[in-house]
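With mmCIF, C-alpha atoms inside, this is coords-v2.cif:
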```cif
data_coords
loop_
_atom_site.label_atom_id
_atom_site.label_comp_id
_atom_site.auth_asym_id
_atom_site.auth_seq_id
_atom_site.Cartn_x
_atom_site.Cartn_y
_atom_site.Cartn_z
CA MET O 1 98.67 104.76 81.01
CA LYS O 2 99.26 101.37 82.65
CA ILE O 3 96.36 99.87 84.58
CA LEU O 4 96.89 97.06 87.05
CA ALA O 5 93.58 95.32 87.77
CA ILE O 6 93.77 93.12 90.86
CA ALA O 7 91.18 90.53 91.77
CA GLY O 8 91.42 90.12 95.53
CA SER O 9 90.35 86.50 95.39
CA ASN O 10 91.91 83.16 94.60
CA SER O 11 88.72 81.73 93.12
CA GLU O 12 89.08 80.41 89.58
CA VAL O 13 85.62 81.84 88.76
CA SER O 14 85.87 85.02 90.82
CA MET O 15 83.08 87.52 90.25
CA ASN O 16 85.48 90.21 91.48
CA LYS O 17 87.93 89.22 88.76
CA GLN O 18 85.16 89.53 86.18
CA LEU O 19 84.23 92.99 87.53
CA VAL O 20 87.80 94.28 87.66
CA ALA O 21 88.55 92.91 84.19
CA TYR O 22 85.52 94.75 82.82
CA ALA O 23 86.46 97.97 84.62
CA SER O 24 89.94 97.80 83.10
CA THR O 25 88.41 97.96 79.60
CA LEU O 26 86.76 101.30 80.32
CA PHE O 27 89.99 103.32 80.22
CA GLU O 28 90.89 104.92 76.90
CA ASN O 29 94.44 104.65 75.57
CA ALA O 30 95.53 102.39 78.39
CA GLU O 31 97.37 99.12 78.70
CA ALA O 32 95.70 96.87 81.28
CA GLU O 33 96.94 93.81 83.07
CA VAL O 34 94.43 91.75 85.05
CA ILE O 35 95.83 89.54 87.78
CA ASP O 36 94.41 87.24 90.39
CA LEU O 37 96.16 86.07 93.51
CA ASN O 38 96.96 82.48 92.54
CA PRO O 39 100.47 83.15 91.16
CA PHE O 40 101.26 85.01 94.41
CA GLU O 41 100.28 82.25 96.81
CA MET O 42 102.70 82.06 99.74
CA PRO O 43 102.80 80.37 103.13
CA ILE O 44 100.58 82.08 105.70
CA TYR O 45 102.51 85.03 107.13
CA LYS O 46 104.27 84.24 110.38
CA HIS O 47 106.98 86.34 112.00
CA GLU O 48 109.23 83.30 112.48
CA ARG O 49 108.91 82.44 108.76
CA GLU O 50 110.02 85.94 107.89
CA LEU O 51 113.01 85.69 110.22
CA GLU O 52 113.98 82.28 108.82
CA GLY O 53 113.56 82.92 105.12
CA GLY O 54 112.84 86.58 104.55
CA VAL O 55 110.00 87.92 102.45
CA PRO O 56 109.05 85.47 99.66
CA GLN O 57 109.82 86.38 96.05
CA GLU O 58 106.09 86.33 95.25
CA ALA O 59 105.58 89.32 97.56
CA HIS O 60 108.34 91.21 95.77
CA ASP O 61 106.81 90.27 92.41
CA PHE O 62 103.39 91.56 93.52
CA ALA O 63 104.97 94.81 94.75
CA ALA O 64 106.78 95.23 91.42
CA LYS O 65 103.44 94.93 89.59
CA ILE O 66 102.03 97.72 91.79
CA ASP O 67 105.10 99.88 91.21
CA SER O 68 104.80 99.52 87.43
CA ALA O 69 101.20 100.76 87.38
CA ASP O 70 99.83 104.26 86.92
CA VAL O 71 96.39 103.26 88.24
CA LEU O 72 95.24 100.39 90.41
CA LEU O 73 91.84 98.78 90.13
CA VAL O 74 91.33 96.52 93.14
CA SER O 75 88.17 94.44 93.45
CA LEU O 76 88.00 92.58 96.72
CA GLY O 77 86.06 89.46 97.46
CA GLU O 78 84.27 89.63 100.79
CA HIS O 79 84.59 86.72 103.20
CA ASN O 80 82.72 87.13 106.48
CA GLY O 81 82.66 90.91 106.11
CA THR O 82 86.31 91.47 105.26
CA TYR O 83 89.17 90.45 102.94
CA SER O 84 89.63 86.93 101.67
CA THR O 85 92.42 85.06 103.40
CA ALA O 86 94.29 84.81 100.09
CA PHE O 87 94.28 88.60 99.70
CA LYS O 88 95.13 89.31 103.33
CA ASN O 89 98.15 87.01 103.16
CA VAL O 90 99.57 88.73 100.07
CA PHE O 91 98.85 92.11 101.70
CA ASP O 92 100.63 91.02 104.91
CA TRP O 93 103.74 89.76 103.10
CA VAL O 94 104.03 92.85 100.88
CA SER O 95 103.72 95.04 103.98
CA ARG O 96 106.89 93.38 105.30
CA ILE O 97 109.08 94.52 102.41
CA LYS O 98 111.60 96.94 103.87
CA ASP O 99 111.17 100.65 103.13
CA ARG O 100 107.91 100.45 101.17
CA THR O 101 104.23 100.98 101.60
CA VAL O 102 102.00 98.29 100.14
CA TRP O 103 100.20 100.47 97.57
CA ASN O 104 102.95 103.04 96.94
CA GLU O 105 100.42 105.93 96.65
CA VAL O 106 99.27 104.76 93.20
CA PRO O 107 95.77 106.18 92.49
CA MET O 108 93.22 103.45 93.16
CA LEU O 109 89.63 102.58 92.39
CA LEU O 110 88.59 100.19 95.15
CA MET O 111 85.71 97.90 94.23
CA SER O 112 83.74 94.91 95.38
CA THR O 113 80.82 92.82 94.26
CA SER O 114 78.84 89.97 95.75
CA PRO O 115 75.75 87.92 95.00
CA GLY O 116 73.90 89.78 97.78
CA GLY O 117 72.45 93.24 98.16
CA ARG O 118 75.35 94.74 100.11
CA GLY O 119 77.78 94.25 97.22
CA GLY O 120 80.79 93.70 99.47
CA ALA O 121 80.09 96.79 101.61
CA GLY O 122 81.93 95.30 104.60
CA VAL O 123 85.19 94.70 102.76
CA LEU O 124 84.98 98.10 101.02
CA GLU O 125 84.60 99.82 104.38
CA ALA O 126 87.47 97.86 105.93
CA ALA O 127 89.80 98.46 102.98
CA SER O 128 88.87 102.15 102.63
CA LYS O 129 89.87 102.71 106.24
CA ARG O 130 92.96 100.45 106.25
CA PHE O 131 94.62 101.03 102.87
CA PRO O 132 95.59 104.71 103.44
CA PHE O 133 97.81 103.56 106.33
CA HIS O 134 99.66 101.41 103.79
CA GLY O 135 100.13 103.92 100.98
CA GLY O 136 96.65 103.45 99.53
CA ASN O 137 95.54 106.43 97.47
CA VAL O 138 91.85 105.47 97.29
CA VAL O 139 90.34 107.98 94.86
CA GLU O 140 86.97 106.26 94.46
CA THR O 141 85.04 103.21 95.62
CA PHE O 142 82.45 101.19 93.74
CA SER O 143 80.10 98.44 94.83
CA LEU O 144 78.06 96.21 92.56
CA PRO O 145 75.29 94.42 94.50
CA PHE O 146 73.48 91.36 93.21
CA PHE O 147 76.29 90.38 90.84
CA ASN O 148 74.31 87.61 89.17
CA ASP O 149 71.49 90.04 88.30
CA ASN O 150 73.63 93.06 87.41
CA PHE O 151 76.51 91.54 85.43
CA ASP O 152 76.11 89.87 82.05
CA LYS O 153 78.54 86.96 82.16
CA ALA O 154 78.21 86.23 78.43
CA GLU O 155 79.03 89.84 77.49
CA GLN O 156 81.43 90.29 80.45
CA LYS O 157 80.00 93.68 81.41
CA ILE O 158 77.65 95.35 83.88
CA SER O 159 74.10 95.01 82.60
CA ASN O 160 72.53 97.45 85.07
CA GLU O 161 72.73 100.78 83.23
CA GLU O 162 72.66 102.91 86.39
CA LYS O 163 75.54 101.00 87.99
CA ASN O 164 77.42 100.91 84.68
CA SER O 165 77.13 104.70 84.36
CA GLU O 166 78.27 105.14 87.96
CA LEU O 167 81.38 103.03 87.32
CA LYS O 168 82.19 104.89 84.10
CA GLU O 169 81.98 108.26 85.92
CA LYS O 170 84.35 107.05 88.62
CA ILE O 171 86.80 105.78 86.00
CA LYS O 172 86.68 109.15 84.22
CA LYS O 173 87.62 110.84 87.49
CA ILE O 174 90.59 108.53 88.06
CA ALA O 175 91.73 108.83 84.43
CA ALA O 176 91.60 112.63 84.72
CA ILE O 177 93.70 112.57 87.91
CA GLU O 178 96.27 110.31 86.23
CA THR O 179 96.40 112.59 83.20
CA ILE O 180 97.10 115.56 85.47
CA LEU O 181 99.83 113.61 87.29
CA GLU O 182 101.53 112.77 83.97
CA LYS O 183 102.00 116.47 83.16
#
```

Have the structure of the file written as structure tokens, please.
Amino acid sequence: MKILAIAGSNSEVSMNKQLVAYASTLFENAEAEVIDLNPFEMPIYKHERELEGGVPQEAHDFAAKIDSADVLLVSLGEHNGTYSTAFKNVFDWVSRIKDRTVWNEVPMLLMSTSPGGRGGAGVLEAASKRFPFHGGNVVETFSLPFFNDNFDKAEQKISNEEKNSELKEKIKKIAAIETILEK
């Protein structure tokens, strides 16, 4: 099974990248690739840019990563209640690739974390509603509130046992769905 773990942030020290990297280790017998958005940075989407130069290669490269995965883990940073600008721009460009949906119906665990008590609830709600219109097969969602209290940065894992168990159960569900799809 190939896992693509996407950190929906361009921060070099992204807490969402730390969360998604940890989640990717919880799958048995899987190959995981963790990516952030920095290698996929493109000019801000603008219709005239698309007409002049087409869809940038970085958008095609991002789409190819999605297409090569059996499961997507997407952990979104929340900026003012919704996606980071870096994520939204990649999402917008990939949505412009002819004859494709952004997420290509790949089973997805959608996640978010934040330093506050809502744990990225705003971005999870926005993405949960929006992604299915773009081929998002959101099987489960997971929120980790109070990242700095609930994630052990030295060990690179969730330290809150209740939240850790919740994440593991959701990963078991997605792994079981993928196993069924393989047959």

message = Env of Leu19 of chain O: 12 Å cut, atoms = all atoms listed in the file, seq-sep filter 4 positions within chain, self excluded. Answer as a VMD selection string.
response = chain O and resid 5 to 9 13 to 15 23 to 26 34 73 to 77 110 to 114 119 142 to 145 147 to 148 150 to 153 155 to 159 163 to 164 167

Result set of the PyMOL selection byres ((chain O and resi 4) around 10) on the coordinates above, as a PyMOL selection string = chain O and resi 1-3+5-7+20-21+24+31-35+65-74+108

Next, dump the selected residues to file, keeping only C-alpha atoms, as a short mmCIF file (atom, residue, chain, number, x, y, z; two decimals), keeping the file's coordinate frame.
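Final file, part38.cif:
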```
data_model
loop_
_atom_site.label_atom_id
_atom_site.label_comp_id
_atom_site.auth_asym_id
_atom_site.auth_seq_id
_atom_site.Cartn_x
_atom_site.Cartn_y
_atom_site.Cartn_z
CA MET O 1 98.67 104.76 81.01
CA LYS O 2 99.26 101.37 82.65
CA ILE O 3 96.36 99.87 84.58
CA ALA O 5 93.58 95.32 87.77
CA ILE O 6 93.77 93.12 90.86
CA ALA O 7 91.18 90.53 91.77
CA VAL O 20 87.80 94.28 87.66
CA ALA O 21 88.55 92.91 84.19
CA SER O 24 89.94 97.80 83.10
CA GLU O 31 97.37 99.12 78.70
CA ALA O 32 95.70 96.87 81.28
CA GLU O 33 96.94 93.81 83.07
CA VAL O 34 94.43 91.75 85.05
CA ILE O 35 95.83 89.54 87.78
CA LYS O 65 103.44 94.93 89.59
CA ILE O 66 102.03 97.72 91.79
CA ASP O 67 105.10 99.88 91.21
CA SER O 68 104.80 99.52 87.43
CA ALA O 69 101.20 100.76 87.38
CA ASP O 70 99.83 104.26 86.92
CA VAL O 71 96.39 103.26 88.24
CA LEU O 72 95.24 100.39 90.41
CA LEU O 73 91.84 98.78 90.13
CA VAL O 74 91.33 96.52 93.14
CA MET O 108 93.22 103.45 93.16
#
```

Would you write out, as a PDB file with C-alpha atoms, in the frame of the given file, every residue that the PyMOL selection byres ((chain O and resi 42-56) around 10) captures in this file?
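Final output, saved to selection-v5.pdb:
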```
ATOM      1  CA  LEU O  37      96.160  86.070  93.510  1.00  0.00           C
ATOM      2  CA  ASN O  38      96.960  82.480  92.540  1.00  0.00           C
ATOM      3  CA  PRO O  39     100.470  83.150  91.160  1.00  0.00           C
ATOM      4  CA  PHE O  40     101.260  85.010  94.410  1.00  0.00           C
ATOM      5  CA  GLU O  41     100.280  82.250  96.810  1.00  0.00           C
ATOM      6  CA  GLN O  57     109.820  86.380  96.050  1.00  0.00           C
ATOM      7  CA  GLU O  58     106.090  86.330  95.250  1.00  0.00           C
ATOM      8  CA  ALA O  59     105.580  89.320  97.560  1.00  0.00           C
ATOM      9  CA  HIS O  60     108.340  91.210  95.770  1.00  0.00           C
ATOM     10  CA  ASP O  61     106.810  90.270  92.410  1.00  0.00           C
ATOM     11  CA  THR O  85      92.420  85.060 103.400  1.00  0.00           C
ATOM     12  CA  ALA O  86      94.290  84.810 100.090  1.00  0.00           C
ATOM     13  CA  LYS O  88      95.130  89.310 103.330  1.00  0.00           C
ATOM     14  CA  ASN O  89      98.150  87.010 103.160  1.00  0.00           C
ATOM     15  CA  VAL O  90      99.570  88.730 100.070  1.00  0.00           C
ATOM     16  CA  PHE O  91      98.850  92.110 101.700  1.00  0.00           C
ATOM     17  CA  ASP O  92     100.630  91.020 104.910  1.00  0.00           C
ATOM     18  CA  TRP O  93     103.740  89.760 103.100  1.00  0.00           C
ATOM     19  CA  VAL O  94     104.030  92.850 100.880  1.00  0.00           C
ATOM     20  CA  SER O  95     103.720  95.040 103.980  1.00  0.00           C
ATOM     21  CA  ARG O  96     106.890  93.380 105.300  1.00  0.00           C
ATOM     22  CA  ILE O  97     109.080  94.520 102.410  1.00  0.00           C
ATOM     23  CA  LYS O  98     111.600  96.940 103.870  1.00  0.00           C
TER      24      LYS O  98
END
```

request  = Give the answer as one residue: which of O:Gly136, O:Ser128, O:Glu12, O:Glu78 has the shortest atom-to-atom distance to Gly116 of chain O, using all atoms listed in the file?
outcome  =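 Using all atoms listed in the file, Gly116 of chain O sits closest to O:Glu78.
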
request  = For atom CA of Asn80 of chain O and atom CA of Ala121 of chain O, determine how far apart the two atoms are, in Å to one decimal place.
outcome  =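 Pair atom CA of Asn80 of chain O / atom CA of Ala121 of chain O returns 11.1 Å.
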
key: Point-to-point distance from atom CA of Tyr83 of chain O to atom CA of Glu105 of chain O, Å rounded to tenths   =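 Computing it gives 20.1 Å between the two atoms.
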
ask   = Between atom CA of Pro107 of chain O and atom CA of Gly81 of chain O, what is the spacing in Å?
value =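 Distance between the two atoms: 24.3 Å.
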
request  = Evaluate the PyMOL selection byres ((chain O and resi 169) around 12) here and jot the selected residues down as a PyMOL selection string.
outcome  = chain O and resi 23+26-27+109+140-142+162-168+170-176

Reconstruct N, CA, C and O atoms of segment 116-137 of chain O from the incomplete input and present them as a PDB file, in the coordinates of the input.
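Written out: selection_17.pdb:
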```pdb
ATOM      1  N   GLY O 116      74.923  89.167  96.933  1.00  0.00           N
ATOM      2  CA  GLY O 116      73.900  89.780  97.780  1.00  0.00           C
ATOM      3  C   GLY O 116      73.746  91.274  97.571  1.00  0.00           C
ATOM      4  O   GLY O 116      74.487  91.904  96.815  1.00  0.00           O
ATOM      5  N   GLY O 117      72.805  91.832  98.297  1.00  0.00           N
ATOM      6  CA  GLY O 117      72.450  93.240  98.160  1.00  0.00           C
ATOM      7  C   GLY O 117      73.441  94.237  98.723  1.00  0.00           C
ATOM      8  O   GLY O 117      73.362  95.417  98.403  1.00  0.00           O
ATOM      9  N   ARG O 118      74.364  93.793  99.550  1.00  0.00           N
ATOM     10  CA  ARG O 118      75.350  94.740 100.110  1.00  0.00           C
ATOM     11  C   ARG O 118      76.547  94.934  99.188  1.00  0.00           C
ATOM     12  O   ARG O 118      77.313  95.864  99.355  1.00  0.00           O
ATOM     13  N   GLY O 119      76.736  94.060  98.222  1.00  0.00           N
ATOM     14  CA  GLY O 119      77.780  94.250  97.220  1.00  0.00           C
ATOM     15  C   GLY O 119      79.191  94.337  97.778  1.00  0.00           C
ATOM     16  O   GLY O 119      80.039  95.033  97.234  1.00  0.00           O
ATOM     17  N   GLY O 120      79.448  93.656  98.882  1.00  0.00           N
ATOM     18  CA  GLY O 120      80.790  93.700  99.470  1.00  0.00           C
ATOM     19  C   GLY O 120      81.032  94.947 100.302  1.00  0.00           C
ATOM     20  O   GLY O 120      82.169  95.367 100.480  1.00  0.00           O
ATOM     21  N   ALA O 121      79.969  95.546 100.842  1.00  0.00           N
ATOM     22  CA  ALA O 121      80.090  96.790 101.610  1.00  0.00           C
ATOM     23  C   ALA O 121      81.050  96.651 102.791  1.00  0.00           C
ATOM     24  O   ALA O 121      81.794  97.587 103.104  1.00  0.00           O
ATOM     25  N   GLY O 122      81.061  95.498 103.438  1.00  0.00           N
ATOM     26  CA  GLY O 122      81.930  95.300 104.600  1.00  0.00           C
ATOM     27  C   GLY O 122      83.398  95.367 104.235  1.00  0.00           C
ATOM     28  O   GLY O 122      84.189  96.048 104.891  1.00  0.00           O
ATOM     29  N   VAL O 123      83.790  94.689 103.164  1.00  0.00           N
ATOM     30  CA  VAL O 123      85.190  94.700 102.760  1.00  0.00           C
ATOM     31  C   VAL O 123      85.586  96.073 102.208  1.00  0.00           C
ATOM     32  O   VAL O 123      86.707  96.530 102.433  1.00  0.00           O
ATOM     33  N   LEU O 124      84.672  96.748 101.518  1.00  0.00           N
ATOM     34  CA  LEU O 124      84.980  98.100 101.020  1.00  0.00           C
ATOM     35  C   LEU O 124      85.234  99.052 102.188  1.00  0.00           C
ATOM     36  O   LEU O 124      86.167  99.862 102.139  1.00  0.00           O
ATOM     37  N   GLU O 125      84.413  98.959 103.210  1.00  0.00           N
ATOM     38  CA  GLU O 125      84.600  99.820 104.380  1.00  0.00           C
ATOM     39  C   GLU O 125      85.927  99.517 105.065  1.00  0.00           C
ATOM     40  O   GLU O 125      86.689 100.429 105.390  1.00  0.00           O
ATOM     41  N   ALA O 126      86.214  98.244 105.268  1.00  0.00           N
ATOM     42  CA  ALA O 126      87.470  97.860 105.930  1.00  0.00           C
ATOM     43  C   ALA O 126      88.677  98.329 105.124  1.00  0.00           C
ATOM     44  O   ALA O 126      89.620  98.907 105.671  1.00  0.00           O
ATOM     45  N   ALA O 127      88.658  98.084 103.827  1.00  0.00           N
ATOM     46  CA  ALA O 127      89.800  98.460 102.980  1.00  0.00           C
ATOM     47  C   ALA O 127      89.934  99.980 102.861  1.00  0.00           C
ATOM     48  O   ALA O 127      91.051 100.507 102.883  1.00  0.00           O
ATOM     49  N   SER O 128      88.825 100.679 102.740  1.00  0.00           N
ATOM     50  CA  SER O 128      88.870 102.150 102.630  1.00  0.00           C
ATOM     51  C   SER O 128      89.514 102.779 103.853  1.00  0.00           C
ATOM     52  O   SER O 128      90.208 103.789 103.746  1.00  0.00           O
ATOM     53  N   LYS O 129      89.282 102.187 104.995  1.00  0.00           N
ATOM     54  CA  LYS O 129      89.870 102.710 106.240  1.00  0.00           C
ATOM     55  C   LYS O 129      91.318 102.253 106.413  1.00  0.00           C
ATOM     56  O   LYS O 129      92.144 102.991 106.919  1.00  0.00           O
ATOM     57  N   ARG O 130      91.638 101.030 105.999  1.00  0.00           N
ATOM     58  CA  ARG O 130      92.960 100.450 106.250  1.00  0.00           C
ATOM     59  C   ARG O 130      94.007 100.838 105.212  1.00  0.00           C
ATOM     60  O   ARG O 130      95.166 101.113 105.551  1.00  0.00           O
ATOM     61  N   PHE O 131      93.641 100.833 103.935  1.00  0.00           N
ATOM     62  CA  PHE O 131      94.620 101.030 102.870  1.00  0.00           C
ATOM     63  C   PHE O 131      95.406 102.347 102.973  1.00  0.00           C
ATOM     64  O   PHE O 131      96.602 102.347 102.688  1.00  0.00           O
ATOM     65  N   PRO O 132      94.791 103.472 103.344  1.00  0.00           N
ATOM     66  CA  PRO O 132      95.590 104.710 103.440  1.00  0.00           C
ATOM     67  C   PRO O 132      96.775 104.613 104.407  1.00  0.00           C
ATOM     68  O   PRO O 132      97.783 105.296 104.222  1.00  0.00           O
ATOM     69  N   PHE O 133      96.683 103.755 105.411  1.00  0.00           N
ATOM     70  CA  PHE O 133      97.810 103.560 106.330  1.00  0.00           C
ATOM     71  C   PHE O 133      98.948 102.782 105.673  1.00  0.00           C
ATOM     72  O   PHE O 133     100.039 102.695 106.223  1.00  0.00           O
ATOM     73  N   HIS O 134      98.674 102.218 104.510  1.00  0.00           N
ATOM     74  CA  HIS O 134      99.660 101.410 103.790  1.00  0.00           C
ATOM     75  C   HIS O 134      99.900 101.965 102.386  1.00  0.00           C
ATOM     76  O   HIS O 134     100.117 101.215 101.441  1.00  0.00           O
ATOM     77  N   GLY O 135      99.849 103.284 102.260  1.00  0.00           N
ATOM     78  CA  GLY O 135     100.130 103.920 100.980  1.00  0.00           C
ATOM     79  C   GLY O 135      99.000 103.821  99.979  1.00  0.00           C
ATOM     80  O   GLY O 135      99.222 104.032  98.786  1.00  0.00           O
ATOM     81  N   GLY O 136      97.801 103.546 100.430  1.00  0.00           N
ATOM     82  CA  GLY O 136      96.650 103.450  99.530  1.00  0.00           C
ATOM     83  C   GLY O 136      96.082 104.818  99.213  1.00  0.00           C
ATOM     84  O   GLY O 136      95.649 105.531 100.108  1.00  0.00           O
ATOM     85  N   ASN O 137      96.109 105.168  97.945  1.00  0.00           N
ATOM     86  CA  ASN O 137      95.540 106.430  97.470  1.00  0.00           C
ATOM     87  C   ASN O 137      94.173 106.111  96.849  1.00  0.00           C
ATOM     88  O   ASN O 137      94.028 106.041  95.638  1.00  0.00           O
TER      89      ASN O 137
END
```
